[in-house]
Amino acid sequence: MTTTIESPELIEPEEPGGPDANGPDAHDPAHDHGEHAEHGPSGLLKWLTSTDHKVIGKSYMITSLVTFFLSGTMAIVMRLQLANPTSSLVNFQTYNELFTMHGSLMLYLFAGPFAFGGLANYIVPLQVGAPDMAYPRLNALSYWLYLGGTSLMTLSFLVAGGAASFGWVAYAPLSNSINSPGTGTDMWLMSLALTGFSAIFTGVNLVATIFYLRAPGMTMFRIPIFSWNMLVTGILILIAFPVLFGAVVMLFCDRHFGTHIYSVQGGGVPVLWQHLFWFWGHPEVYILALPYFGIVTDVFPVFSRKPLFGYRGMVFATLSIAALSTGVWAHHMFTTGVVLLPFFSLLSYLIAVPTGIKFFNWIGTMWGGQLSFQTPMLFSVGFLFAFLMGGVTGVLLAAPPVDFMTHDTYFVVAHFHQVLIGTTVFAGFAGFYFWYPKMFGRMLNETLGKLHFWFLFVGFWITFVPQYLLGLKGMPRRIADYLSGNGWTGLNQLSTVGAIIIFASFLFFLVNLVHSWRKPVAAGDNPWDGHALEWFTSSPPPHHNFTHLPPIRSERPVWDYNHPEHRKDESHGDKRHREHDKEPVGASS
Amino acid sequence: MKVSGTFLLIIGAFFGVIGLIYWFTSYEDAGFLMLLGSSVLGIMPGAYYLWWSRRMRPLEGDIADATMSDGAGVVDAFPGSSIWPFLLGMGALFATMTFIFGLWMAPIAAALGLSAIIGGVAESRRGGTV
């Protein structure tokens, strides 16, 4: 069934001050499902056939959160194993499978898909004023490929020989058919092929939607920063994922079709895998980070009741980070001895500059604002601390002498967990708590949300600071046991206690979800007094998102609409400025 | 279009410059080719957008003082629901599993994939451009 969509109507506020804080269309979603109901299939058939970006976005979020909890459970098992020397909770082979699948599920199947498949799918069309993604059926195909890949990787635990066990980076020659025989490895590789295509299709959709489906007046420099970051993320996906796909196909050919691309015996080059993998892998770090930078950049102004400090600076910092991230892949390969150390070290250091600009602007946005520490803001501030620590240790690791000393130790494990949990978990949950009312029309409980945050925040530091120290004491990563004489026991036990606190924090989250469904509190259309277009439509939005739109004259059109006394009209300096736009919106009507 | 094109061209130029510096300082093939590919990936669509931006009227989303009436009319045709993406996705899943579990899965993959392609194309023709 295909529907032709007309553009939404312009709406003007009836009196200065605009409508009430809940927007023009406030209603109680818990008792009103008919108004915005989609015509067409329902139930399971709706889920299977929907091409609506909101349904697909929710499907992505649910699937990726399931992989997050599965993978988190694996982390707890590993931490329990390491809590005591010579522990025998799991055997070595199982431990190898656990750390491989923990990393793979988190990085390939949770962190990225939750952001660009879940939140971005749902929010970007709303923020730019579009009725859907540019290619809705391609969008649906992306999800089915992702679900297929996720199932394939997760079910690989059940086949003979078990799941892949060579680490999430699958270095050659450890991943060849001699060192890693078994169906589980092939399922791992094919899962990457499927989810890689899924990501590429999502990247195409994001770029096309933001380039072509923006509402009238939504110029490139009025797009909310989350959508800007998703545009840049989409482009990074298009640069990086085809390389990963090529690398995976070549590895599969080495394993089954007698090629020797990564094997020395046939004239191949094992380190080529590392070049290809990290040419995807380092942009991937920013494919994971940029969406989450975008989330907090949208959250800080709303809970500071101020415009974003340095909008254009943020855009150019995002572009700089993305561009530089593609030229630093071999800083993961310093110890191979075959890469150009000064080139990769210098470019890695340079990334600290635009990232520093972002930090400056986030703090500048909060500075002097009317701060309100509701759950999304708490998670965003938590992100600042977590990512700062991860970023600073990243600068240390960009120095080859430091990297030589700490490579493959728990120092690196602590560093990337602080970077990735800082972004994907702290900022990810900031976004989830921020947009949940929009997606489901009901609020999450603030008390439970704050308990979730504080347990996570405390557990996070208790888990990972000891791991830095363990790394400096020489504990290698990916070991299943150690001797009591190593002197690592106390710090490992502390780290395990922290991991259990983190795990407990998510129980508050699950209780919060159940609570919001059993005792719904209607959110209204704009519960946070938000700035961007998603807060103008109903919660949840109707099938093609908008029945009407406000005039778009700045990067925060809904704020302008609701607070005309503070309106900033950027078009006054525009040569194409029109006479009727000189009056504040609504003043003459 | 103009901003989008310029933005992509700058990305392409950056990778071109970095790629050349990398080549002349390392003479390493794989990284140079990947940077070169990234450069082309920016320059090709960037030049296309810029070329068209001078030959077509601006999109409403590119006009700073555009109103909703400027964008009045049909935005596009969007499918409300379609079973074909699901079938194509399952076809792709079975196709990859053919490489793992054996050729007996190939007919299932082919049946799902072909029916999805034919069905999807027919649906597009009936429903207009999507």
# chains A, B, ... in the order shown; residues from 1 in each chain; ligands from 1
>>> residues_around(residues="B:Leu114", least_positions_apart="3", cutoff="12 Å", atoms="only C-alpha atoms", output="MDAnalysis selection string")
chainID B and resid 84:85 87:92 95 106:111 117:121
>>> select_by_dssp(residues="chain B", states="strand (DSSP E or B)", output="PyMOL selection string")
chain B and resi 74-79+81
>>> write_last_selection(atoms="N, CA and C atoms", output="PDB file, in the first residue's frame")
ATOM      1  N   VAL B  74       2.599  17.668  -3.314  1.00  0.00           N
ATOM      2  CA  VAL B  74       3.023  16.310  -3.000  1.00  0.00           C
ATOM      3  C   VAL B  74       4.497  16.291  -2.614  1.00  0.00           C
ATOM      4  N   VAL B  75       4.811  15.709  -1.467  1.00  0.00           N
ATOM      5  CA  VAL B  75       6.208  15.534  -1.064  1.00  0.00           C
ATOM      6  C   VAL B  75       6.793  14.340  -1.808  1.00  0.00           C
ATOM      7  N   ASP B  76       6.105  13.230  -1.719  1.00  0.00           N
ATOM      8  CA  ASP B  76       6.542  12.011  -2.394  1.00  0.00           C
ATOM      9  C   ASP B  76       5.494  10.946  -2.110  1.00  0.00           C
ATOM     10  N   ALA B  77       5.696   9.770  -2.669  1.00  0.00           N
ATOM     11  CA  ALA B  77       4.802   8.652  -2.367  1.00  0.00           C
ATOM     12  C   ALA B  77       5.521   7.704  -1.429  1.00  0.00           C
ATOM     13  N   PHE B  78       4.894   7.398  -0.298  1.00  0.00           N
ATOM     14  CA  PHE B  78       5.539   6.555   0.710  1.00  0.00           C
ATOM     15  C   PHE B  78       4.695   5.307   0.943  1.00  0.00           C
ATOM     16  N   PRO B  79       5.324   4.136   0.939  1.00  0.00           N
ATOM     17  CA  PRO B  79       4.541   2.936   1.207  1.00  0.00           C
ATOM     18  C   PRO B  79       4.130   2.891   2.668  1.00  0.00           C
ATOM     19  N   SER B  81       2.884   0.024   4.066  1.00  0.00           N
ATOM     20  CA  SER B  81       3.346  -1.285   4.517  1.00  0.00           C
ATOM     21  C   SER B  81       3.753  -2.104   3.296  1.00  0.00           C
TER      22      SER B  81
END
>>> interface_residues(of="chain B", to="chain A", cutoff="8 Å", atoms="only C-alpha atoms", output="VMD selection string")
chain B and resid 1 3 to 4 11 14 to 15 18 22 25 to 26 30 to 31 34 to 35 38 41 59 to 86 88 to 90 92 to 93 96 to 97 100 123 127 to 128 130
>>> residues_around(residues="A:Trp488", least_positions_apart="2", cutoff="10 Å", atoms="only C-alpha atoms", output="MDAnalysis selection string")
chainID A and resid 82:85 466:467 469:471 473:475 482:486 490:493
>>> atom_distance(atom1="atom CA of A:Gly267", atom2="atom CA of A:Pro173")
13.2 Å
